[in-house]
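Below: one structure, written as structure tokens.
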Amino acid sequence: MDKSINKPFLLAGVLIVLVALPFLANAAGYPALTSLATRALIYGIAAASLNLVLGYGGMVSFGHAAFFGLGGYVVGILYQHYTQDDMLLGLIPGTNQLLVTLPATLLVSGLAAALIGALSLRTGGVQFIMITLAFAQMLFFLFVSLKTYGGDDGLIIRRANELPGLNMRDKQTIYYVYLAIAAIFFFLLWRIVNSRFGNVLVGLRQNERRMAALGLPAYRYKLAAFVISGMGAGLAGCLMANFLRFASPDMVHWTKSGELMVMVVLGGVGTLFGPLIGAAAYTILEAVLASWTEYWQLGLGFILLFVVLYTHGGIQALFARIGGRRP
Amino acid sequence: MSRPILSVKGLVKRFGGLVATDNVTLDVRPGEIHALIGPNGAGKTTLISQLVGELRPDAGTIELEGRGIGGLSTARRIRLGLARTFQITCLLPEYSVLDNVAIAIQIRQGHSFRFWGNVRHDKALREAAIGFLDTIGLAPRADEQVANLSHGEQKQLELAVALATEPRLLLLDEPMAGLGHTESRQMVELLKGLKSQVSMLLVEHDMDAVFALADRISVLVYGRVIATGTAGEIRDNPEVRAAYLGEGDEAC
Ligand SMILES: Nc1ncnc2c1ncn2[C@@H]1O[C@H](COP(=O)(O)OP(=O)(O)O)[C@@H](O)[C@H]1O
Ligand SMILES: [Mg+2]
């Protein structure tokens, strides 16, 4: 159903460009591009995760910053306990190993998504939007009030998590590690959206009444999608905290949920790579517009308006039409 | 007489002051087509919605093969062998005709917590779906998107999808409504052919179709069953004639 994957050549081409990107950036005398691309990959993972529930499942979550932020705080909190050499809750030792923090992130964000999803999925429509938003804001205020973990100011992570055999202080190395993680992530996501599970998920978005009449117990499938989606957003948060060496309540703020939604809409709702394209566009626009004016969000607003009104399905659809194909 | 496959007793449903289902008692026997007729607004669709669990009745019991299903979710009832078609078609508009049938088979086959294999490359599933489309005569349209189907084709697809859940009892909500004359004839022949496989509760306005198909007919007026009997008995029932079948009137 996702035509973009039927274009293996295009995909291979993009992958080659992404692999060559740090070299191209250096050659062009603009090494900051590598950092920009790293951010785009991270947000691409977060936005694509949100898109699983929003675009494929038709569940408009306005609280995905909760999972993104949790991912960041798992890294930050474990790092703080690692440097202080004490135990979290007197039980769990800190760590600075990505191979530990990453699974820990998936676990924590997955559990949080199970809890939040279990409650909010009992509603639908606008109520669902508001409840997911409310849960994320609760978490935001929780982190603001947690003075042990930096409160308002957040947590500084002096050194990025280590990965055996790699120098994770090198921006280029981080980029390649993240590129590999993103490739695995999108491969898994591609399998999921085309699987039987993805099939019922897309069916539920189209017509929930029909799916019930086929004998589908919808709730458990929506919940599973919500958990997977939350884990993906958590993964992105873990990567972001390591990249910025910083985790703060900003990651959990509702505007972050909004940004992720904007990326999804910008790139293409319900498409595999749309959110990644949207994240890249958003990151580049932010960098370019912010260098011109402090009112860059206004400019972004106009661009979003244009995309929504005229592309009929985001940048991905625009590309497809330019390429002479129906999206 | 063998045990009824569906047995409804004392069913009541109120919408505010309106009694949409008024103490309805009826049953469907194995292998039977039981037609439910009645004027618009009589409560036929409301009754079907209660049978599948979309609406909760205010009173009464529903038994499927002797088992009370009144407290079960829609999904459970479908699993136990109930299926419905919708008067106003209710399909997956972005999916192809084939996808719509295949997903019904997929769900009948068991849980869908399968994250790996590409569902559209599942040959067995696709072939089974083609089989149901063949039965209905929609196979040539298999790859068409549902949104592009004519009304009649959508009605046929409704039936194909319901059959794909392999029900023991089909609840058909006006399957002929909006069909042309030829399509209607085809649908009657189709349902006749299916009679040996599945029992049916048939809500229908097309009286020719009803008299051609039904073993028994119940007449619903203002939510109440005013008569149940064979086609002949219903035709001759003075109460029914007065309330409903009136001289030459288009029944609806
Ligand atoms: N959800 C509802 N809320 C309120 N009234 C309803 C609802 N559904 C149906 N009704 C009313 O119940 C009556 C029966 O409707 P319905 O079952 O659709 O009739 P039929 O299918 O026999 O034409 C009608 O008067 C209709 O207006
Ligand atoms: Mg009706």
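We label chains A, B, ... in the order they appear in the structure tokens, count residues from 1 in each chain, and number ligands from 1 in the order shown.
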
Please report as JSON lines every residue of chain A lying within 12 Å of chain B, along with the nearest atom pair and their distance in Å (one decimal), using only C-alpha atoms.
{"residue": "A:Met1", "atom": "CA", "partner": "B:Arg120", "partner_atom": "CA", "distance": 8.2}
{"residue": "A:Asp2", "atom": "CA", "partner": "B:Arg120", "partner_atom": "CA", "distance": 11.1}
{"residue": "A:Phe187", "atom": "CA", "partner": "B:Trp116", "partner_atom": "CA", "distance": 10.6}
{"residue": "A:Leu188", "atom": "CA", "partner": "B:Trp116", "partner_atom": "CA", "distance": 8.3}
{"residue": "A:Leu189", "atom": "CA", "partner": "B:Phe115", "partner_atom": "CA", "distance": 9.2}
{"residue": "A:Trp190", "atom": "CA", "partner": "B:Trp116", "partner_atom": "CA", "distance": 9.1}
{"residue": "A:Arg191", "atom": "CA", "partner": "B:Trp116", "partner_atom": "CA", "distance": 5.3}
{"residue": "A:Ile192", "atom": "CA", "partner": "B:Phe115", "partner_atom": "CA", "distance": 4.8}
{"residue": "A:Val193", "atom": "CA", "partner": "B:Phe115", "partner_atom": "CA", "distance": 7.9}
{"residue": "A:Asn194", "atom": "CA", "partner": "B:Asn118", "partner_atom": "CA", "distance": 5.2}
{"residue": "A:Ser195", "atom": "CA", "partner": "B:Asn118", "partner_atom": "CA", "distance": 4.7}
{"residue": "A:Arg196", "atom": "CA", "partner": "B:Val119", "partner_atom": "CA", "distance": 5.3}
{"residue": "A:Phe197", "atom": "CA", "partner": "B:Ser112", "partner_atom": "CA", "distance": 5.2}
{"residue": "A:Gly198", "atom": "CA", "partner": "B:Phe115", "partner_atom": "CA", "distance": 7.4}
{"residue": "A:Asn199", "atom": "CA", "partner": "B:Val119", "partner_atom": "CA", "distance": 7.3}
{"residue": "A:Val200", "atom": "CA", "partner": "B:Ser112", "partner_atom": "CA", "distance": 7.3}
{"residue": "A:Leu201", "atom": "CA", "partner": "B:Ser112", "partner_atom": "CA", "distance": 9.7}
{"residue": "A:Val202", "atom": "CA", "partner": "B:Leu92", "partner_atom": "CA", "distance": 9.2}
{"residue": "A:Gly203", "atom": "CA", "partner": "B:Leu92", "partner_atom": "CA", "distance": 6.5}
{"residue": "A:Leu204", "atom": "CA", "partner": "B:Leu92", "partner_atom": "CA", "distance": 8.8}
{"residue": "A:Arg205", "atom": "CA", "partner": "B:Leu92", "partner_atom": "CA", "distance": 9.1}
{"residue": "A:Gln206", "atom": "CA", "partner": "B:Leu92", "partner_atom": "CA", "distance": 5.7}
{"residue": "A:Asn207", "atom": "CA", "partner": "B:Leu92", "partner_atom": "CA", "distance": 6.0}
{"residue": "A:Glu208", "atom": "CA", "partner": "B:Leu92", "partner_atom": "CA", "distance": 9.1}
{"residue": "A:Arg209", "atom": "CA", "partner": "B:Cys90", "partner_atom": "CA", "distance": 7.6}
{"residue": "A:Arg210", "atom": "CA", "partner": "B:Cys90", "partner_atom": "CA", "distance": 5.9}
{"residue": "A:Met211", "atom": "CA", "partner": "B:Ala104", "partner_atom": "CA", "distance": 8.4}
{"residue": "A:Ala212", "atom": "CA", "partner": "B:Ala75", "partner_atom": "CA", "distance": 5.8}
{"residue": "A:Ala213", "atom": "CA", "partner": "B:Thr74", "partner_atom": "CA", "distance": 6.9}
{"residue": "A:Leu214", "atom": "CA", "partner": "B:Ala104", "partner_atom": "CA", "distance": 5.8}
{"residue": "A:Gly215", "atom": "CA", "partner": "B:Ala75", "partner_atom": "CA", "distance": 3.8}
{"residue": "A:Leu216", "atom": "CA", "partner": "B:Ala75", "partner_atom": "CA", "distance": 5.3}
{"residue": "A:Pro217", "atom": "CA", "partner": "B:Ala75", "partner_atom": "CA", "distance": 5.4}
{"residue": "A:Ala218", "atom": "CA", "partner": "B:Ala75", "partner_atom": "CA", "distance": 8.5}
{"residue": "A:Tyr219", "atom": "CA", "partner": "B:Ala75", "partner_atom": "CA", "distance": 10.8}
{"residue": "A:Arg220", "atom": "CA", "partner": "B:Phe113", "partner_atom": "CA", "distance": 9.6}
{"residue": "A:Tyr221", "atom": "CA", "partner": "B:Phe113", "partner_atom": "CA", "distance": 7.8}
{"residue": "A:Lys222", "atom": "CA", "partner": "B:Phe113", "partner_atom": "CA", "distance": 11.2}
{"residue": "A:Leu223", "atom": "CA", "partner": "B:Phe113", "partner_atom": "CA", "distance": 11.6}
{"residue": "A:Ala224", "atom": "CA", "partner": "B:Phe113", "partner_atom": "CA", "distance": 8.7}
{"residue": "A:Ala225", "atom": "CA", "partner": "B:Phe113", "partner_atom": "CA", "distance": 10.3}
{"residue": "A:Ile228", "atom": "CA", "partner": "B:Phe115", "partner_atom": "CA", "distance": 11.2}

Would you output that residue set with N, CA and C atoms, as a tab-separated table (two decimals), in the first residue's frame?
chain	number	residue	atom	x	y	z
A	1	MET	N	0.82	-1.19	0.00
A	1	MET	CA	0.00	0.00	0.00
A	1	MET	C	0.85	1.25	0.00
A	2	ASP	N	2.11	1.11	0.52
A	2	ASP	CA	2.96	2.28	0.49
A	2	ASP	C	3.83	2.23	-0.74
A	187	PHE	N	12.78	0.33	8.71
A	187	PHE	CA	12.55	-1.00	8.16
A	187	PHE	C	11.47	-1.73	8.97
A	188	LEU	N	11.59	-1.67	10.29
A	188	LEU	CA	10.58	-2.31	11.15
A	188	LEU	C	9.21	-1.69	10.93
A	189	LEU	N	9.19	-0.37	10.85
A	189	LEU	CA	7.92	0.32	10.66
A	189	LEU	C	7.28	-0.07	9.33
A	190	TRP	N	8.12	-0.22	8.32
A	190	TRP	CA	7.63	-0.63	7.01
A	190	TRP	C	6.97	-2.00	7.09
A	191	ARG	N	7.61	-2.92	7.83
A	191	ARG	CA	7.01	-4.25	8.01
A	191	ARG	C	5.67	-4.12	8.74
A	192	ILE	N	5.66	-3.33	9.78
A	192	ILE	CA	4.46	-3.23	10.62
A	192	ILE	C	3.27	-2.68	9.83
A	193	VAL	N	3.50	-1.58	9.09
A	193	VAL	CA	2.34	-0.96	8.44
A	193	VAL	C	1.79	-1.81	7.30
A	194	ASN	N	2.61	-2.72	6.78
A	194	ASN	CA	2.12	-3.59	5.71
A	194	ASN	C	1.69	-4.98	6.21
A	195	SER	N	1.76	-5.17	7.52
A	195	SER	CA	1.43	-6.48	8.08
A	195	SER	C	-0.08	-6.60	8.32
A	196	ARG	N	-0.49	-7.73	8.86
A	196	ARG	CA	-1.89	-7.90	9.25
A	196	ARG	C	-2.28	-6.86	10.30
A	197	PHE	N	-1.35	-6.61	11.19
A	197	PHE	CA	-1.61	-5.61	12.23
A	197	PHE	C	-1.85	-4.24	11.59
A	198	GLY	N	-0.97	-3.85	10.68
A	198	GLY	CA	-1.13	-2.57	9.99
A	198	GLY	C	-2.44	-2.52	9.23
A	199	ASN	N	-2.83	-3.65	8.67
A	199	ASN	CA	-4.06	-3.73	7.90
A	199	ASN	C	-5.28	-3.39	8.76
A	200	VAL	N	-5.36	-3.97	9.95
A	200	VAL	CA	-6.52	-3.66	10.79
A	200	VAL	C	-6.43	-2.23	11.31
A	201	LEU	N	-5.21	-1.76	11.53
A	201	LEU	CA	-5.04	-0.39	12.02
A	201	LEU	C	-5.58	0.62	11.00
A	202	VAL	N	-5.21	0.42	9.75
A	202	VAL	CA	-5.68	1.32	8.69
A	202	VAL	C	-7.19	1.14	8.49
A	203	GLY	N	-7.66	-0.09	8.66
A	203	GLY	CA	-9.09	-0.35	8.58
A	203	GLY	C	-9.85	0.44	9.65
A	204	LEU	N	-9.31	0.45	10.85
A	204	LEU	CA	-9.95	1.17	11.95
A	204	LEU	C	-10.03	2.67	11.67
A	205	ARG	N	-9.00	3.18	11.02
A	205	ARG	CA	-9.05	4.61	10.70
A	205	ARG	C	-10.16	4.89	9.69
A	206	GLN	N	-10.31	3.98	8.73
A	206	GLN	CA	-11.29	4.21	7.67
A	206	GLN	C	-12.71	4.08	8.15
A	207	ASN	N	-12.95	3.09	8.99
A	207	ASN	CA	-14.34	2.83	9.39
A	207	ASN	C	-14.37	1.87	10.58
A	208	GLU	N	-14.45	2.45	11.75
A	208	GLU	CA	-14.39	1.62	12.95
A	208	GLU	C	-15.63	0.73	13.09
A	209	ARG	N	-16.76	1.25	12.63
A	209	ARG	CA	-18.00	0.48	12.72
A	209	ARG	C	-17.90	-0.79	11.87
A	210	ARG	N	-17.34	-0.64	10.69
A	210	ARG	CA	-17.17	-1.79	9.81
A	210	ARG	C	-16.25	-2.83	10.46
A	211	MET	N	-15.19	-2.36	11.07
A	211	MET	CA	-14.24	-3.29	11.67
A	211	MET	C	-14.89	-4.06	12.81
A	212	ALA	N	-15.73	-3.38	13.57
A	212	ALA	CA	-16.45	-4.07	14.65
A	212	ALA	C	-17.38	-5.12	14.06
A	213	ALA	N	-18.03	-4.77	12.96
A	213	ALA	CA	-18.96	-5.70	12.32
A	213	ALA	C	-18.23	-6.90	11.72
A	214	LEU	N	-16.92	-6.78	11.55
A	214	LEU	CA	-16.14	-7.93	11.09
A	214	LEU	C	-15.67	-8.78	12.27
A	215	GLY	N	-15.95	-8.31	13.47
A	215	GLY	CA	-15.57	-9.09	14.64
A	215	GLY	C	-14.24	-8.67	15.24
A	216	LEU	N	-13.78	-7.47	14.94
A	216	LEU	CA	-12.49	-7.02	15.48
A	216	LEU	C	-12.68	-6.32	16.82
A	217	PRO	N	-12.01	-6.83	17.86
A	217	PRO	CA	-12.00	-6.08	19.12
A	217	PRO	C	-10.99	-4.93	19.01
A	218	ALA	N	-11.49	-3.74	18.72
A	218	ALA	CA	-10.63	-2.64	18.27
A	218	ALA	C	-9.64	-2.18	19.34
A	219	TYR	N	-10.11	-2.13	20.57
A	219	TYR	CA	-9.35	-1.49	21.64
A	219	TYR	C	-7.93	-2.03	21.78
A	220	ARG	N	-7.79	-3.34	21.78
A	220	ARG	CA	-6.46	-3.91	22.00
A	220	ARG	C	-5.49	-3.60	20.86
A	221	TYR	N	-6.03	-3.47	19.65
A	221	TYR	CA	-5.15	-3.15	18.51
A	221	TYR	C	-4.72	-1.69	18.55
A	222	LYS	N	-5.66	-0.84	18.94
A	222	LYS	CA	-5.30	0.57	19.07
A	222	LYS	C	-4.27	0.75	20.18
A	223	LEU	N	-4.48	0.03	21.25
A	223	LEU	CA	-3.56	0.14	22.39
A	223	LEU	C	-2.16	-0.33	21.98
A	224	ALA	N	-2.11	-1.45	21.27
A	224	ALA	CA	-0.81	-1.96	20.82
A	224	ALA	C	-0.12	-0.94	19.92
A	225	ALA	N	-0.89	-0.33	19.03
A	225	ALA	CA	-0.30	0.68	18.14
A	225	ALA	C	0.20	1.87	18.95
A	228	ILE	N	3.52	0.89	20.64
A	228	ILE	CA	4.63	0.90	19.68
A	228	ILE	C	5.01	2.34	19.34

task = Kindly provide, as a list in words, all nucleotide and amino acid residues lying within 9 Å of ligand 2, counting only C-alpha atoms and all ligand atoms.
result =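 Going residue by residue within 9 Å of ligand 2, we get Asn40, Gly41, Ala42, Gly43, Lys44, Thr45, Thr46, Ile48, Phe86, Gln87, Ile88, Asp173, Glu174 and Val203 of chain B.
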
task = Please measure the separation of CA of Glu63 (chain B) and CA of Glu239 (chain B), giving the value in Å to one decimal.
result =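 Pair CA of Glu63 (chain B) / CA of Glu239 (chain B) returns 28.8 Å.
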
message = Distance limit 12 Å, reference ligand 1, atoms considered: only C-alpha atoms and all ligand atoms. Which residues make the cut? Give them as a PyMOL selection string.
response = chain B and resi 12-22+36-50+54-57+86-88+172-174+177+202-205+219-225+251-252

ask   = DSSP says alpha helix (DSSP H) for which residues of region 19-144 of chain A? Put them as an MDAnalysis selection string?
value = chainID A and resid 19:27 32:51 65:84 98:120 125:144

Can you list every residue in region 78-239 of chain B that DSSP puts in strand (DSSP E), as a CSV table (one decimal) with all heavy atoms, in the first residue's frame?
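Generated output (states.csv):
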chain,number,residue,atom,x,y,z
B,82,LEU,N,-22.4,-14.5,14.0
B,82,LEU,CA,-23.4,-13.5,13.6
B,82,LEU,C,-22.7,-12.6,12.5
B,82,LEU,O,-21.5,-12.4,12.6
B,82,LEU,CB,-23.8,-12.6,14.8
B,82,LEU,CG,-25.3,-12.3,15.0
B,82,LEU,CD1,-26.2,-13.5,14.9
B,82,LEU,CD2,-25.4,-11.6,16.3
B,83,ALA,N,-23.5,-12.2,11.5
B,83,ALA,CA,-22.9,-11.2,10.6
B,83,ALA,C,-24.0,-10.3,10.1
B,83,ALA,O,-25.2,-10.8,10.0
B,83,ALA,CB,-22.2,-11.8,9.4
B,84,ARG,N,-23.7,-9.1,9.8
B,84,ARG,CA,-24.8,-8.2,9.3
B,84,ARG,C,-24.3,-7.5,8.1
B,84,ARG,O,-23.1,-7.3,7.9
B,84,ARG,CB,-25.2,-7.1,10.4
B,84,ARG,CG,-24.2,-6.0,10.4
B,84,ARG,CD,-24.6,-4.9,11.3
B,84,ARG,NE,-25.8,-4.1,10.7
B,84,ARG,CZ,-26.3,-3.1,11.3
B,84,ARG,NH1,-25.8,-2.6,12.5
B,84,ARG,NH2,-27.3,-2.4,10.7
B,85,THR,N,-25.3,-7.1,7.3
B,85,THR,CA,-25.0,-6.1,6.2
B,85,THR,C,-25.7,-4.8,6.6
B,85,THR,O,-26.6,-4.8,7.4
B,85,THR,CB,-25.5,-6.6,4.8
B,85,THR,OG1,-26.9,-6.6,4.9
B,85,THR,CG2,-24.9,-7.9,4.5
B,169,LEU,N,-25.5,-17.1,11.0
B,169,LEU,CA,-26.8,-16.3,10.8
B,169,LEU,C,-26.4,-15.0,10.2
B,169,LEU,O,-25.6,-14.2,10.7
B,169,LEU,CB,-27.4,-16.1,12.2
B,169,LEU,CG,-28.7,-15.2,12.2
B,169,LEU,CD1,-29.8,-15.9,11.4
B,169,LEU,CD2,-29.2,-14.9,13.6
B,170,LEU,N,-27.1,-14.7,9.1
B,170,LEU,CA,-26.9,-13.4,8.4
B,170,LEU,C,-28.0,-12.5,8.7
B,170,LEU,O,-29.2,-12.9,8.5
B,170,LEU,CB,-26.9,-13.7,6.9
B,170,LEU,CG,-25.6,-13.6,6.1
B,170,LEU,CD1,-25.9,-13.9,4.6
B,170,LEU,CD2,-24.9,-12.2,6.2
B,171,LEU,N,-27.7,-11.3,9.1
B,171,LEU,CA,-28.7,-10.3,9.3
B,171,LEU,C,-28.6,-9.3,8.2
B,171,LEU,O,-27.6,-8.6,8.1
B,171,LEU,CB,-28.5,-9.6,10.7
B,171,LEU,CG,-28.3,-10.5,11.9
B,171,LEU,CD1,-27.8,-9.7,13.1
B,171,LEU,CD2,-29.6,-11.2,12.2
B,172,LEU,N,-29.6,-9.3,7.3
B,172,LEU,CA,-29.5,-8.5,6.0
B,172,LEU,C,-30.4,-7.3,6.2
B,172,LEU,O,-31.6,-7.5,6.2
B,172,LEU,CB,-29.9,-9.4,4.8
B,172,LEU,CG,-29.0,-10.6,4.6
B,172,LEU,CD1,-29.7,-11.6,3.7
B,172,LEU,CD2,-27.7,-10.2,4.0
B,173,ASP,N,-29.8,-6.1,6.1
B,173,ASP,CA,-30.6,-4.9,6.3
B,173,ASP,C,-30.8,-4.3,4.9
B,173,ASP,O,-30.0,-3.6,4.4
B,173,ASP,CB,-29.9,-3.9,7.2
B,173,ASP,CG,-30.9,-2.9,7.7
B,173,ASP,OD1,-32.0,-2.8,7.3
B,173,ASP,OD2,-30.5,-2.1,8.7
B,199,SER,N,-28.4,-19.4,7.8
B,199,SER,CA,-29.8,-18.9,8.1
B,199,SER,C,-29.8,-17.4,7.9
B,199,SER,O,-28.7,-16.8,8.1
B,199,SER,CB,-30.2,-19.3,9.5
B,199,SER,OG,-29.8,-20.6,9.8
B,200,MET,N,-30.9,-16.8,7.7
B,200,MET,CA,-31.0,-15.4,7.5
B,200,MET,C,-32.2,-14.7,8.1
B,200,MET,O,-33.3,-15.3,8.1
B,200,MET,CB,-31.0,-15.1,6.0
B,200,MET,CG,-29.9,-15.5,5.2
B,200,MET,SD,-30.1,-15.2,3.4
B,200,MET,CE,-29.3,-16.7,2.7
B,201,LEU,N,-31.9,-13.5,8.7
B,201,LEU,CA,-33.0,-12.6,9.0
B,201,LEU,C,-32.9,-11.5,8.0
B,201,LEU,O,-32.0,-10.8,7.9
B,201,LEU,CB,-32.8,-12.1,10.4
B,201,LEU,CG,-33.9,-11.1,10.9
B,201,LEU,CD1,-35.2,-11.9,11.1
B,201,LEU,CD2,-33.5,-10.4,12.2
B,202,LEU,N,-34.0,-11.5,7.1
B,202,LEU,CA,-33.9,-10.6,6.0
B,202,LEU,C,-34.9,-9.4,6.2
B,202,LEU,O,-36.1,-9.6,6.2
B,202,LEU,CB,-34.3,-11.4,4.7
B,202,LEU,CG,-34.6,-10.6,3.4
B,202,LEU,CD1,-33.3,-10.0,2.9
B,202,LEU,CD2,-35.2,-11.5,2.4
B,203,VAL,N,-34.3,-8.2,6.3
B,203,VAL,CA,-35.1,-7.0,6.3
B,203,VAL,C,-35.2,-6.5,4.9
B,203,VAL,O,-34.1,-6.3,4.3
B,203,VAL,CB,-34.5,-5.9,7.2
B,203,VAL,CG1,-35.2,-4.6,7.0
B,203,VAL,CG2,-34.6,-6.4,8.7
B,216,ARG,N,-40.7,-17.7,6.5
B,216,ARG,CA,-41.6,-17.0,7.4
B,216,ARG,C,-41.4,-15.5,7.3
B,216,ARG,O,-40.3,-15.1,6.9
B,216,ARG,CB,-41.5,-17.5,8.8
B,216,ARG,CG,-42.0,-18.9,9.1
B,216,ARG,CD,-42.0,-19.2,10.6
B,216,ARG,NE,-40.6,-19.1,11.1
B,216,ARG,CZ,-40.4,-18.8,12.4
B,216,ARG,NH1,-41.4,-18.6,13.2
B,216,ARG,NH2,-39.2,-18.7,12.8
B,217,ILE,N,-42.5,-14.8,7.6
B,217,ILE,CA,-42.4,-13.4,7.6
B,217,ILE,C,-42.9,-12.8,8.9
B,217,ILE,O,-43.9,-13.3,9.4
B,217,ILE,CB,-43.3,-12.8,6.4
B,217,ILE,CG1,-42.8,-13.3,5.1
B,217,ILE,CG2,-43.2,-11.3,6.4
B,217,ILE,CD1,-43.6,-13.0,3.9
B,218,SER,N,-42.2,-11.8,9.4
B,218,SER,CA,-42.7,-11.1,10.6
B,218,SER,C,-43.0,-9.7,10.2
B,218,SER,O,-42.2,-9.1,9.4
B,218,SER,CB,-41.8,-11.1,11.8
B,218,SER,OG,-41.8,-12.4,12.3
B,219,VAL,N,-44.1,-9.1,10.7
B,219,VAL,CA,-44.4,-7.7,10.3
B,219,VAL,C,-44.2,-6.8,11.5
B,219,VAL,O,-44.7,-7.1,12.6
B,219,VAL,CB,-45.8,-7.6,9.8
B,219,VAL,CG1,-46.1,-6.2,9.4
B,219,VAL,CG2,-46.1,-8.6,8.7
B,220,LEU,N,-43.3,-5.8,11.4
B,220,LEU,CA,-43.0,-4.9,12.4
B,220,LEU,C,-43.7,-3.6,12.2
B,220,LEU,O,-43.5,-3.0,11.1
B,220,LEU,CB,-41.5,-4.7,12.5
B,220,LEU,CG,-40.9,-4.2,13.8
B,220,LEU,CD1,-41.0,-5.2,14.9
B,220,LEU,CD2,-39.4,-3.9,13.6
B,221,VAL,N,-44.5,-3.1,13.1
B,221,VAL,CA,-45.1,-1.7,13.0
B,221,VAL,C,-44.9,-1.0,14.3
B,221,VAL,O,-45.2,-1.6,15.4
B,221,VAL,CB,-46.6,-1.9,12.6
B,221,VAL,CG1,-47.2,-0.5,12.5
B,221,VAL,CG2,-46.8,-2.6,11.3
B,224,ARG,N,-43.4,-2.9,17.1
B,224,ARG,CA,-44.0,-4.1,17.6
B,224,ARG,C,-44.3,-5.1,16.5
B,224,ARG,O,-44.6,-4.8,15.4
B,224,ARG,CB,-45.4,-3.7,18.2
B,224,ARG,CG,-46.1,-4.7,19.0
B,224,ARG,CD,-47.6,-4.2,19.2
B,224,ARG,NE,-47.6,-2.9,19.8
B,224,ARG,CZ,-47.9,-2.7,21.1
B,224,ARG,NH1,-48.1,-3.7,21.9
B,224,ARG,NH2,-48.0,-1.5,21.6
B,225,VAL,N,-44.1,-6.4,16.8
B,225,VAL,CA,-44.3,-7.5,15.8
B,225,VAL,C,-45.8,-7.7,15.8
B,225,VAL,O,-46.4,-8.2,16.9
B,225,VAL,CB,-43.6,-8.8,16.1
B,225,VAL,CG1,-44.0,-9.9,15.2
B,225,VAL,CG2,-42.1,-8.6,16.1
B,226,ILE,N,-46.6,-7.4,14.7
B,226,ILE,CA,-48.0,-7.6,14.7
B,226,ILE,C,-48.4,-8.9,14.2
B,226,ILE,O,-49.5,-9.3,14.4
B,226,ILE,CB,-48.7,-6.4,14.0
B,226,ILE,CG1,-48.3,-6.3,12.6
B,226,ILE,CG2,-48.5,-5.1,14.8
B,226,ILE,CD1,-49.3,-5.4,11.8
B,227,ALA,N,-47.5,-9.5,13.4
B,227,ALA,CA,-47.9,-10.9,12.9
B,227,ALA,C,-46.6,-11.6,12.5
B,227,ALA,O,-45.7,-11.0,12.0
B,227,ALA,CB,-48.8,-10.7,11.7
B,228,THR,N,-46.7,-12.9,12.6
B,228,THR,CA,-45.6,-13.8,12.1
B,228,THR,C,-46.3,-15.0,11.4
B,228,THR,O,-47.2,-15.5,12.0
B,228,THR,CB,-44.7,-14.3,13.2
B,228,THR,OG1,-44.0,-13.2,13.8
B,228,THR,CG2,-43.6,-15.2,12.7
B,229,GLY,N,-45.8,-15.3,10.2
B,229,GLY,CA,-46.4,-16.5,9.6
B,229,GLY,C,-45.8,-16.7,8.2
B,229,GLY,O,-44.8,-16.0,7.8

message = Considering only C-alpha atoms, can you say which of A:Ile45, A:Ala317, A:Leu15, A:Leu106 comes closest to Met263 (chain A)?
response =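 The answer is A:Ile45, which sits nearest to Met263 (chain A).
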
key: Nearest residue to Ala320 (chain A) from the set A:Leu10, A:Ile116, A:Val227, A:Leu102 (distances using only C-alpha atoms)   = A:Leu10
